[in-house]
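S.K.: Got upload_10.cif for you, mmCIF, C-alpha atoms:
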data_query
#
loop_
_atom_site.group_PDB
_atom_site.id
_atom_site.type_symbol
_atom_site.label_atom_id
_atom_site.label_comp_id
_atom_site.auth_asym_id
_atom_site.auth_seq_id
_atom_site.Cartn_x
_atom_site.Cartn_y
_atom_site.Cartn_z
ATOM 1 C CA MET W 166 0.000 0.000 0.000
ATOM 2 C CA SER W 167 1.475 3.310 -1.036
ATOM 3 C CA ASN W 168 1.831 6.043 1.508
ATOM 4 C CA PRO W 169 0.430 9.377 0.288
ATOM 5 C CA VAL W 170 2.643 11.348 2.664
ATOM 6 C CA LYS W 171 5.782 9.642 1.435
ATOM 7 C CA ASP W 172 4.746 10.205 -2.156
ATOM 8 C CA GLN W 173 4.719 13.951 -1.559
ATOM 9 C CA GLU W 174 8.238 14.031 -0.119
ATOM 10 C CA PRO W 175 10.951 14.955 -2.627
ATOM 11 C CA LEU W 176 13.532 12.289 -3.249
ATOM 12 C CA TRP W 177 16.461 14.243 -1.844
ATOM 13 C CA ARG W 178 14.844 14.237 1.612
ATOM 14 C CA ASP W 179 15.632 10.533 1.967
ATOM 15 C CA GLU W 180 19.326 11.312 1.904
ATOM 16 C CA PHE W 181 19.222 14.586 3.815
ATOM 17 C CA SER W 182 19.732 13.844 7.463
ATOM 18 C CA ILE W 183 18.184 16.987 8.996
ATOM 19 C CA SER W 184 14.458 17.559 8.860
ATOM 20 C CA LYS W 185 13.277 21.140 8.428
ATOM 21 C CA ALA W 186 10.980 20.963 11.452
ATOM 22 C CA ASP W 187 13.803 19.730 13.658
ATOM 23 C CA GLU W 188 16.085 22.443 12.388
ATOM 24 C CA ARG W 189 13.518 25.074 13.305
ATOM 25 C CA TYR W 190 13.355 23.693 16.823
ATOM 26 C CA VAL W 191 17.110 23.604 17.205
ATOM 27 C CA ASN W 192 17.511 27.148 15.849
ATOM 28 C CA ARG W 193 14.910 28.544 18.222
ATOM 29 C CA ARG W 194 16.261 26.558 21.145
ATOM 30 C CA GLN W 195 19.752 27.867 20.484
ATOM 31 C CA LEU W 196 18.502 31.429 20.158
ATOM 32 C CA THR W 197 16.680 31.084 23.473
ATOM 33 C CA LYS W 198 19.824 29.661 25.052
ATOM 34 C CA PHE W 199 21.868 32.574 23.704
ATOM 35 C CA LEU W 200 19.362 35.103 25.071
ATOM 36 C CA THR W 201 19.311 33.363 28.451
ATOM 37 C CA LEU W 202 23.099 33.457 28.643
ATOM 38 C CA GLY W 203 22.904 37.159 27.741
ATOM 39 C CA SER W 204 20.526 37.612 30.660
ATOM 40 C CA LEU W 205 23.033 35.813 32.897
ATOM 41 C CA GLY W 206 25.724 38.190 31.647
ATOM 42 C CA MET W 207 23.612 41.203 32.626
ATOM 43 C CA PHE W 208 23.071 39.709 36.075
ATOM 44 C CA VAL W 209 26.815 39.124 36.482
ATOM 45 C CA GLY W 210 27.377 42.776 35.527
ATOM 46 C CA ASN W 211 24.968 43.906 38.245
ATOM 47 C CA LEU W 212 26.646 41.554 40.730
ATOM 48 C CA TRP W 213 30.030 43.010 39.802
ATOM 49 C CA ILE W 214 28.777 46.526 40.599
ATOM 50 C CA LEU W 215 27.383 45.239 43.900
ATOM 51 C CA VAL W 216 30.682 43.587 44.837
ATOM 52 C CA LYS W 217 32.592 46.734 43.869
ATOM 53 C CA THR W 218 30.284 48.695 46.164
ATOM 54 C CA TRP W 219 30.852 46.313 49.074
ATOM 55 C CA VAL W 220 34.602 45.908 48.815
ATOM 56 C CA ARG W 221 35.285 49.542 48.054
ATOM 57 C CA LYS W 222 37.695 51.195 50.426
ATOM 58 C CA THR W 223 36.557 54.359 52.130
ATOM 59 C CA PRO W 224 38.438 57.137 50.366
ATOM 60 C CA VAL W 225 40.832 59.128 52.462
ATOM 61 C CA TYR W 226 40.998 62.819 51.731
ATOM 62 C CA PRO W 227 44.021 64.684 52.973
ATOM 63 C CA ARG W 228 43.854 68.314 53.983
ATOM 64 C CA SER W 229 45.772 70.085 51.302
ATOM 65 C CA VAL W 230 46.557 73.779 50.937
ATOM 66 C CA VAL W 231 45.397 74.841 47.493
ATOM 67 C CA ALA W 232 46.140 78.563 47.458
ATOM 68 C CA LYS W 233 46.375 81.641 49.528
ATOM 69 C CA ALA W 234 43.280 83.777 49.676
ATOM 70 C CA GLY W 235 43.804 86.869 47.575
ATOM 71 C CA GLU W 236 46.639 85.515 45.478
ATOM 72 C CA MET W 237 44.253 85.146 42.553
ATOM 73 C CA PRO W 238 42.210 88.015 41.066
ATOM 74 C CA VAL W 239 38.434 87.598 40.734
ATOM 75 C CA GLY W 240 37.652 85.411 37.695
ATOM 76 C CA ALA W 241 41.075 83.772 37.733
ATOM 77 C CA VAL W 242 41.689 80.062 37.645
ATOM 78 C CA LYS W 243 44.170 77.847 39.437
ATOM 79 C CA LEU W 244 44.846 74.215 38.658
ATOM 80 C CA PHE W 245 45.866 71.827 41.392
ATOM 81 C CA GLN W 246 45.943 68.101 42.079
ATOM 82 C CA TYR W 247 43.634 66.572 44.666
ATOM 83 C CA PRO W 248 43.226 64.156 46.479
ATOM 84 C CA LYS W 249 46.364 62.620 45.003
ATOM 85 C CA ALA W 250 48.894 63.371 42.285
ATOM 86 C CA GLY W 251 47.430 63.028 38.816
ATOM 87 C CA GLU W 252 43.876 63.930 39.889
ATOM 88 C CA GLN W 253 43.607 67.311 38.246
ATOM 89 C CA CYS W 254 41.225 69.887 39.736
ATOM 90 C CA ILE W 255 40.325 73.439 38.868
ATOM 91 C CA MET W 256 39.641 76.303 41.293
ATOM 92 C CA ILE W 257 37.966 79.537 40.293
ATOM 93 C CA ARG W 258 37.608 82.712 42.288
ATOM 94 C CA THR W 259 34.075 83.741 41.433
ATOM 95 C CA ALA W 260 33.798 86.794 43.693
ATOM 96 C CA GLU W 261 35.819 88.710 46.240
ATOM 97 C CA ASN W 262 35.284 86.088 48.929
ATOM 98 C CA ALA W 263 33.967 83.146 46.899
ATOM 99 C CA TYR W 264 36.004 80.257 45.612
ATOM 100 C CA VAL W 265 34.797 77.063 43.953
ATOM 101 C CA ALA W 266 36.775 74.014 42.932
ATOM 102 C CA TYR W 267 35.861 70.954 40.894
ATOM 103 C CA SER W 268 37.502 67.914 39.424
ATOM 104 C CA GLN W 269 38.744 68.867 35.982
ATOM 105 C CA LYS W 270 37.727 65.534 34.474
ATOM 106 C CA CYS W 271 34.538 65.757 32.429
ATOM 107 C CA THR W 272 32.071 63.136 33.651
ATOM 108 C CA HIS W 273 31.377 62.125 30.058
ATOM 109 C CA LEU W 274 34.718 60.899 28.687
ATOM 110 C CA SER W 275 37.224 62.462 31.081
ATOM 111 C CA CYS W 276 38.395 65.345 28.898
ATOM 112 C CA ALA W 277 39.723 68.318 30.856
ATOM 113 C CA VAL W 278 37.120 71.032 31.389
ATOM 114 C CA PHE W 279 38.097 74.705 31.369
ATOM 115 C CA TYR W 280 36.547 77.880 32.710
ATOM 116 C CA ALA W 281 34.806 80.064 30.125
ATOM 117 C CA PRO W 282 34.501 83.503 31.805
ATOM 118 C CA GLU W 283 32.373 84.938 28.978
ATOM 119 C CA HIS W 284 29.631 82.401 29.786
ATOM 120 C CA ASP W 285 30.556 81.907 33.426
ATOM 121 C CA ARG W 286 30.567 78.130 33.140
ATOM 122 C CA LEU W 287 32.913 75.192 32.838
ATOM 123 C CA GLU W 288 33.136 73.800 29.343
ATOM 124 C CA CYS W 289 34.374 70.526 27.959
ATOM 125 C CA PRO W 290 36.000 71.106 24.546
ATOM 126 C CA CYS W 291 35.600 67.495 23.392
ATOM 127 C CA HIS W 292 31.823 67.225 23.123
ATOM 128 C CA GLN W 293 30.572 70.634 24.260
ATOM 129 C CA GLY W 294 29.402 69.555 27.674
ATOM 130 C CA TYR W 295 28.775 72.556 29.916
ATOM 131 C CA PHE W 296 28.739 72.653 33.717
ATOM 132 C CA SER W 297 27.433 75.269 36.102
ATOM 133 C CA ILE W 298 30.092 77.182 37.986
ATOM 134 C CA LYS W 299 27.795 77.373 41.036
ATOM 135 C CA ASP W 300 27.382 73.681 41.806
ATOM 136 C CA GLY W 301 28.988 71.748 38.958
ATOM 137 C CA SER W 302 25.624 70.577 37.618
ATOM 138 C CA VAL W 303 25.232 69.779 33.932
ATOM 139 C CA LEU W 304 23.943 72.678 31.810
ATOM 140 C CA GLN W 305 24.260 70.891 28.506
ATOM 141 C CA GLY W 306 24.945 67.265 27.567
ATOM 142 C CA PRO W 307 26.320 64.794 26.670
ATOM 143 C CA PRO W 308 27.537 64.389 30.291
ATOM 144 C CA THR W 309 24.724 63.375 32.618
ATOM 145 C CA ARG W 310 26.510 63.594 35.965
ATOM 146 C CA PRO W 311 27.741 66.757 37.687
ATOM 147 C CA LEU W 312 31.409 67.472 38.216
ATOM 148 C CA PRO W 313 32.706 66.244 41.583
ATOM 149 C CA ARG W 314 33.180 69.295 43.796
ATOM 150 C CA VAL W 315 36.228 69.878 45.925
ATOM 151 C CA VAL W 316 35.080 71.117 49.318
ATOM 152 C CA LEU W 317 37.218 74.077 50.364
ATOM 153 C CA GLU W 318 37.767 75.444 53.827
ATOM 154 C CA ARG W 319 39.257 78.809 54.617
ATOM 155 C CA GLN W 320 41.761 78.879 57.425
ATOM 156 C CA GLY W 321 43.229 82.298 57.935
ATOM 157 C CA ASP W 322 44.528 83.317 54.542
ATOM 158 C CA GLN W 323 44.799 79.760 53.282
ATOM 159 C CA LEU W 324 42.309 77.824 51.176
ATOM 160 C CA ILE W 325 42.378 74.169 52.102
ATOM 161 C CA ALA W 326 40.803 71.287 50.179
ATOM 162 C CA ILE W 327 39.232 68.897 52.679
ATOM 163 C CA LYS W 328 37.204 66.397 50.599
ATOM 164 C CA MET W 329 35.373 65.628 47.360
ATOM 165 C CA ASP W 330 31.604 65.725 46.966
ATOM 166 C CA PRO W 331 30.394 63.234 45.781
ATOM 167 C CA GLU W 332 33.196 60.943 46.851
ATOM 168 C CA VAL W 333 35.322 59.691 43.987
ATOM 169 C CA MET J 1138 3.947 4.227 9.248
ATOM 170 C CA GLU J 1139 6.049 4.837 12.341
ATOM 171 C CA GLN J 1140 8.825 6.504 10.365
ATOM 172 C CA TYR J 1141 6.439 9.297 9.337
ATOM 173 C CA SER J 1142 5.424 10.220 12.875
ATOM 174 C CA GLY J 1143 7.099 13.609 12.401
ATOM 175 C CA SER J 1144 4.739 14.560 9.618
ATOM 176 C CA ARG J 1145 1.748 13.195 11.485
ATOM 177 C CA ASN J 1146 2.632 15.302 14.551
ATOM 178 C CA LEU J 1147 2.984 18.493 12.561
ATOM 179 C CA PRO J 1148 0.190 20.455 14.310
ATOM 180 C CA GLN J 1149 1.698 19.594 17.673
ATOM 181 C CA GLN J 1150 5.136 20.570 16.430
ATOM 182 C CA ARG J 1151 3.771 23.832 15.116
ATOM 183 C CA ARG J 1152 2.154 24.534 18.467
ATOM 184 C CA GLY J 1153 5.480 23.858 20.107
ATOM 185 C CA LEU J 1154 7.238 26.257 17.756
ATOM 186 C CA THR J 1155 4.679 28.961 18.460
ATOM 187 C CA ALA J 1156 5.159 28.492 22.182
ATOM 188 C CA ILE J 1157 8.941 28.713 21.815
ATOM 189 C CA ASP J 1158 8.603 31.861 19.694
ATOM 190 C CA ALA J 1159 6.448 33.456 22.374
ATOM 191 C CA ILE J 1160 8.924 32.505 25.084
ATOM 192 C CA ALA J 1161 11.835 33.884 23.032
ATOM 193 C CA ALA J 1162 9.957 37.175 22.619
ATOM 194 C CA LEU J 1163 9.374 37.340 26.388
ATOM 195 C CA ILE J 1164 13.042 36.651 27.087
ATOM 196 C CA VAL J 1165 14.023 39.423 24.656
ATOM 197 C CA ILE J 1166 11.800 41.846 26.583
ATOM 198 C CA LEU J 1167 13.320 40.789 29.907
ATOM 199 C CA LEU J 1168 16.798 41.089 28.438
ATOM 200 C CA ILE J 1169 16.113 44.642 27.257
ATOM 201 C CA VAL J 1170 14.913 45.523 30.770
ATOM 202 C CA GLN J 1171 18.093 43.980 32.193
ATOM 203 C CA ILE J 1172 20.308 45.958 29.807
ATOM 204 C CA TRP J 1173 18.547 49.157 30.856
ATOM 205 C CA LEU J 1174 18.851 48.163 34.518
ATOM 206 C CA LEU J 1175 22.580 47.494 34.212
ATOM 207 C CA SER J 1176 23.277 50.793 32.448
ATOM 208 C CA ALA J 1177 21.171 52.727 34.984
ATOM 209 C CA THR J 1178 22.872 51.011 37.938
ATOM 210 C CA LEU J 1179 26.313 51.649 36.453
ATOM 211 C CA ASP J 1180 25.443 55.282 35.840
ATOM 212 C CA MET J 1181 24.276 55.699 39.436
ATOM 213 C CA TYR J 1182 27.346 53.865 40.751
ATOM 214 C CA LEU J 1183 29.684 56.146 38.817
ATOM 215 C CA ALA J 1184 27.739 59.151 40.088
ATOM 216 C CA GLY J 1185 28.486 58.039 43.648
ATOM 217 C CA HIS J 1186 24.995 56.713 44.491
ATOM 218 C CA ARG J 1187 26.008 53.281 45.766
ATOM 219 C CA GLU J 1188 22.626 52.514 47.338
ATOM 220 C CA THR J 1189 21.143 51.454 43.987
ATOM 221 C CA ALA J 1190 23.574 48.543 43.517
ATOM 222 C CA LEU J 1191 21.717 46.086 45.770
ATOM 223 C CA PRO J 1192 18.169 46.575 44.384
ATOM 224 C CA GLY J 1193 19.623 46.569 40.867
ATOM 225 C CA ALA J 1194 21.344 43.232 41.455
ATOM 226 C CA VAL J 1195 18.259 41.722 43.121
ATOM 227 C CA VAL J 1196 15.906 42.718 40.305
ATOM 228 C CA SER J 1197 18.431 41.603 37.687
ATOM 229 C CA GLY J 1198 18.739 38.258 39.488
ATOM 230 C CA ILE J 1199 14.970 37.800 39.475
ATOM 231 C CA LEU J 1200 14.797 38.596 35.765
ATOM 232 C CA CYS J 1201 17.685 36.215 35.082
ATOM 233 C CA ALA J 1202 15.947 33.452 37.062
ATOM 234 C CA ALA J 1203 12.782 34.083 35.026
ATOM 235 C CA CYS J 1204 14.811 33.759 31.823
ATOM 236 C CA PHE J 1205 16.288 30.461 32.986
ATOM 237 C CA ALA J 1206 12.842 29.203 33.974
ATOM 238 C CA MET J 1207 11.545 30.055 30.521
ATOM 239 C CA TYR J 1208 14.533 28.382 28.915
ATOM 240 C CA GLY J 1209 13.713 25.265 30.932
ATOM 241 C CA PHE J 1210 10.163 25.520 29.613
ATOM 242 C CA VAL J 1211 11.514 25.725 26.051
ATOM 243 C CA LEU J 1212 13.544 22.558 26.615
ATOM 244 C CA ARG J 1213 10.448 20.807 27.956
ATOM 245 C CA VAL J 1214 8.319 21.921 25.010
ATOM 246 C CA ASP J 1215 11.053 20.764 22.662
ATOM 247 C CA LYS J 1216 11.177 17.382 24.360
ATOM 248 C CA ASP J 1217 7.380 16.979 24.418
ATOM 249 C CA SER J 1218 6.954 18.051 20.809
ATOM 250 C CA ARG J 1219 9.653 15.740 19.498
ATOM 251 C CA PRO J 1220 9.541 12.696 21.746
ATOM 252 C CA ASP J 1221 11.393 10.599 19.160
ATOM 253 C CA ARG J 1222 14.434 12.940 19.224
#
As structure tokens, please, write out the structure in this file.
M.R.:
Amino acid sequence: MSNPVKDQEPLWRDEFSISKADERYVNRRQLTKFLTLGSLGMFVGNLWILVKTWVRKTPVYPRSVVAKAGEMPVGAVKLFQYPKAGEQCIMIRTAENAYVAYSQKCTHLSCAVFYAPEHDRLECPCHQGYFSIKDGSVLQGPPTRPLPRVVLERQGDQLIAIKMDPEV
Amino acid sequence: MEQYSGSRNLPQQRRGLTAIDAIAALIVILLIVQIWLLSATLDMYLAGHRETALPGAVVSGILCAACFAMYGFVLRVDKDSRPDR
């Protein structure tokens, strides 16, 4: 008795070892496996951040004399390194008795920001990210995070850096 | 007749494929949420807000567990739909 299903099958199928239906299953199963492993990768990334948070050492900020009060004219800029060598920061005298200091590293891609007195803001020349001189907040992207501020303390005629805010 | 069981079970196989497609789509959605979660947690971490790391990891772990559960379901559907394999 002839089999109508077999009669419809092309001849080459007899010699082809993989059925189309099976292949579909395997392809989808492998895709699902790949996606699941991707999900595991994302979870590992989150775990890594968590571990970094837990094992992170509390930063130690030394008290460091940055400048003498009055040695800079209003609107002038002084570069210094804080909390350690190689961590470039920028201090600006904004008024007679007002000084602000920030990390000079742009929070986007770490280019050095500079003070633009004509706009009274800190500007990153790489991608035109602008930061407020008042609090370091972002005025224009692409950076999304504010510049870390160096907290200054005045002691007599000396300006002393005491810590970073937020901690870096 | 036994050798043509694959063709005879086609509707069941098709149902299985549809189920796997649906599961794959769900996993893609969960994966997109996880990618967003990781980038948001990293952004907050770099901004100094360390308190988001724990909830981020917990939610990501739950989503990952859901993905693995669905992958297990896919394996079961595959096995049920093709018992001869």
S.K.: Name all residues at most 12 Å from W:Glu288 (count only C-alpha atoms; drop same-chain ones fewer than 3 positions away) and give them as a ChimeraX atom specification.
M.R.: /W:255,269-273,276-285,291-298,301-308,312
S.K.: Can you spit out the residues from that selection as an mmCIF file, in the frame of the given file, using C-alpha atoms?
M.R.:
data_model
loop_
_atom_site.group_PDB
_atom_site.id
_atom_site.type_symbol
_atom_site.label_atom_id
_atom_site.label_comp_id
_atom_site.auth_asym_id
_atom_site.auth_seq_id
_atom_site.Cartn_x
_atom_site.Cartn_y
_atom_site.Cartn_z
ATOM 1 C CA ILE W 255 40.325 73.439 38.868
ATOM 2 C CA GLN W 269 38.744 68.867 35.982
ATOM 3 C CA LYS W 270 37.727 65.534 34.474
ATOM 4 C CA CYS W 271 34.538 65.757 32.429
ATOM 5 C CA THR W 272 32.071 63.136 33.651
ATOM 6 C CA HIS W 273 31.377 62.125 30.058
ATOM 7 C CA CYS W 276 38.395 65.345 28.898
ATOM 8 C CA ALA W 277 39.723 68.318 30.856
ATOM 9 C CA VAL W 278 37.120 71.032 31.389
ATOM 10 C CA PHE W 279 38.097 74.705 31.369
ATOM 11 C CA TYR W 280 36.547 77.880 32.710
ATOM 12 C CA ALA W 281 34.806 80.064 30.125
ATOM 13 C CA PRO W 282 34.501 83.503 31.805
ATOM 14 C CA GLU W 283 32.373 84.938 28.978
ATOM 15 C CA HIS W 284 29.631 82.401 29.786
ATOM 16 C CA ASP W 285 30.556 81.907 33.426
ATOM 17 C CA CYS W 291 35.600 67.495 23.392
ATOM 18 C CA HIS W 292 31.823 67.225 23.123
ATOM 19 C CA GLN W 293 30.572 70.634 24.260
ATOM 20 C CA GLY W 294 29.402 69.555 27.674
ATOM 21 C CA TYR W 295 28.775 72.556 29.916
ATOM 22 C CA PHE W 296 28.739 72.653 33.717
ATOM 23 C CA SER W 297 27.433 75.269 36.102
ATOM 24 C CA ILE W 298 30.092 77.182 37.986
ATOM 25 C CA GLY W 301 28.988 71.748 38.958
ATOM 26 C CA SER W 302 25.624 70.577 37.618
ATOM 27 C CA VAL W 303 25.232 69.779 33.932
ATOM 28 C CA LEU W 304 23.943 72.678 31.810
ATOM 29 C CA GLN W 305 24.260 70.891 28.506
ATOM 30 C CA GLY W 306 24.945 67.265 27.567
ATOM 31 C CA PRO W 307 26.320 64.794 26.670
ATOM 32 C CA PRO W 308 27.537 64.389 30.291
ATOM 33 C CA LEU W 312 31.409 67.472 38.216
#
S.K.: Restrict the calculation to only C-alpha atoms, then for each residue of chain W with any atom at most 6 Å from an atom of chain J give the closest atom pair and their distance in Å to one decimal, rows by chain and rising residue number, as a tab-separated table.
M.R.:
residue	atom	partner	partner_atom	distance
W:Thr197	CA	J:Ala1161	CA	5.6
W:Thr201	CA	J:Cys1204	CA	5.6
W:Ser204	CA	J:Cys1201	CA	5.4
W:Leu205	CA	J:Cys1201	CA	5.8
W:Phe208	CA	J:Ser1197	CA	5.3
W:Asn211	CA	J:Ala1194	CA	4.9
W:Leu212	CA	J:Ala1194	CA	5.6
W:Leu215	CA	J:Ala1190	CA	5.1
W:Pro331	CA	J:Gly1185	CA	5.9
S.K.: So the first atom is atom CA of W:Tyr247 and the second is atom CA of W:Leu317; what is the distance between them in Å, to one decimal place?
M.R.: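 Those two atoms sit 11.4 Å apart.
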S.K.: Just so the selection is clear, what residues does the PyMOL selection byres ((chain W and resi 327) around 6) cover here, as a ChimeraX atom specification?
M.R.: /W:228,316,326,328
S.K.: I'd like the residues picked by the PyMOL selection byres ((chain W and resi 238) around 10) written out as number ranges by chain, using the chain letters and numbers from the file.
M.R.: W: 234-237, 239-242, 257-261
S.K.: Got time to write the residues from that selection, C-alpha atoms, as an mmCIF file, keeping the file's coordinate frame?
M.R.:
data_model
loop_
_atom_site.group_PDB
_atom_site.id
_atom_site.type_symbol
_atom_site.label_atom_id
_atom_site.label_comp_id
_atom_site.auth_asym_id
_atom_site.auth_seq_id
_atom_site.Cartn_x
_atom_site.Cartn_y
_atom_site.Cartn_z
ATOM 1 C CA ALA W 234 43.280 83.777 49.676
ATOM 2 C CA GLY W 235 43.804 86.869 47.575
ATOM 3 C CA GLU W 236 46.639 85.515 45.478
ATOM 4 C CA MET W 237 44.253 85.146 42.553
ATOM 5 C CA VAL W 239 38.434 87.598 40.734
ATOM 6 C CA GLY W 240 37.652 85.411 37.695
ATOM 7 C CA ALA W 241 41.075 83.772 37.733
ATOM 8 C CA VAL W 242 41.689 80.062 37.645
ATOM 9 C CA ILE W 257 37.966 79.537 40.293
ATOM 10 C CA ARG W 258 37.608 82.712 42.288
ATOM 11 C CA THR W 259 34.075 83.741 41.433
ATOM 12 C CA ALA W 260 33.798 86.794 43.693
ATOM 13 C CA GLU W 261 35.819 88.710 46.240
#
S.K.: Take stretch 252-265 of chain W, model N, CA and C atoms, and hand the result over as a compact mmCIF listing (two decimals), keeping the file's coordinate frame.
M.R.:
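For reference, rebuild.txt as written:
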# COMPACT_ATOMS: atom_id res chain seq x y z
N GLU W 252 45.32 63.62 39.88
CA GLU W 252 43.88 63.93 39.89
C GLU W 252 43.74 65.44 39.76
N GLN W 253 43.60 65.88 38.51
CA GLN W 253 43.61 67.31 38.25
C GLN W 253 42.29 67.97 38.65
N CYS W 254 42.40 69.12 39.33
CA CYS W 254 41.22 69.89 39.74
C CYS W 254 41.41 71.34 39.32
N ILE W 255 40.30 72.04 39.30
CA ILE W 255 40.33 73.44 38.87
C ILE W 255 39.61 74.29 39.92
N MET W 256 40.26 75.38 40.32
CA MET W 256 39.64 76.30 41.29
C MET W 256 39.44 77.65 40.61
N ILE W 257 38.30 78.24 40.89
CA ILE W 257 37.97 79.54 40.29
C ILE W 257 37.56 80.49 41.41
N ARG W 258 38.07 81.68 41.34
CA ARG W 258 37.61 82.71 42.29
C ARG W 258 36.45 83.43 41.60
N THR W 259 35.26 83.21 42.11
CA THR W 259 34.08 83.74 41.43
C THR W 259 33.69 85.13 41.94
N ALA W 260 34.09 85.46 43.15
CA ALA W 260 33.80 86.79 43.69
C ALA W 260 34.90 87.13 44.69
N GLU W 261 34.76 88.26 45.34
CA GLU W 261 35.82 88.71 46.24
C GLU W 261 36.14 87.66 47.31
N ASN W 262 35.07 87.09 47.88
CA ASN W 262 35.28 86.09 48.93
C ASN W 262 34.67 84.73 48.58
N ALA W 263 34.58 84.43 47.31
CA ALA W 263 33.97 83.15 46.90
C ALA W 263 34.91 82.37 45.99
N TYR W 264 35.14 81.14 46.40
CA TYR W 264 36.00 80.26 45.61
C TYR W 264 35.25 78.94 45.39
N VAL W 265 35.37 78.39 44.20
CA VAL W 265 34.80 77.06 43.95
C VAL W 265 35.87 76.20 43.29
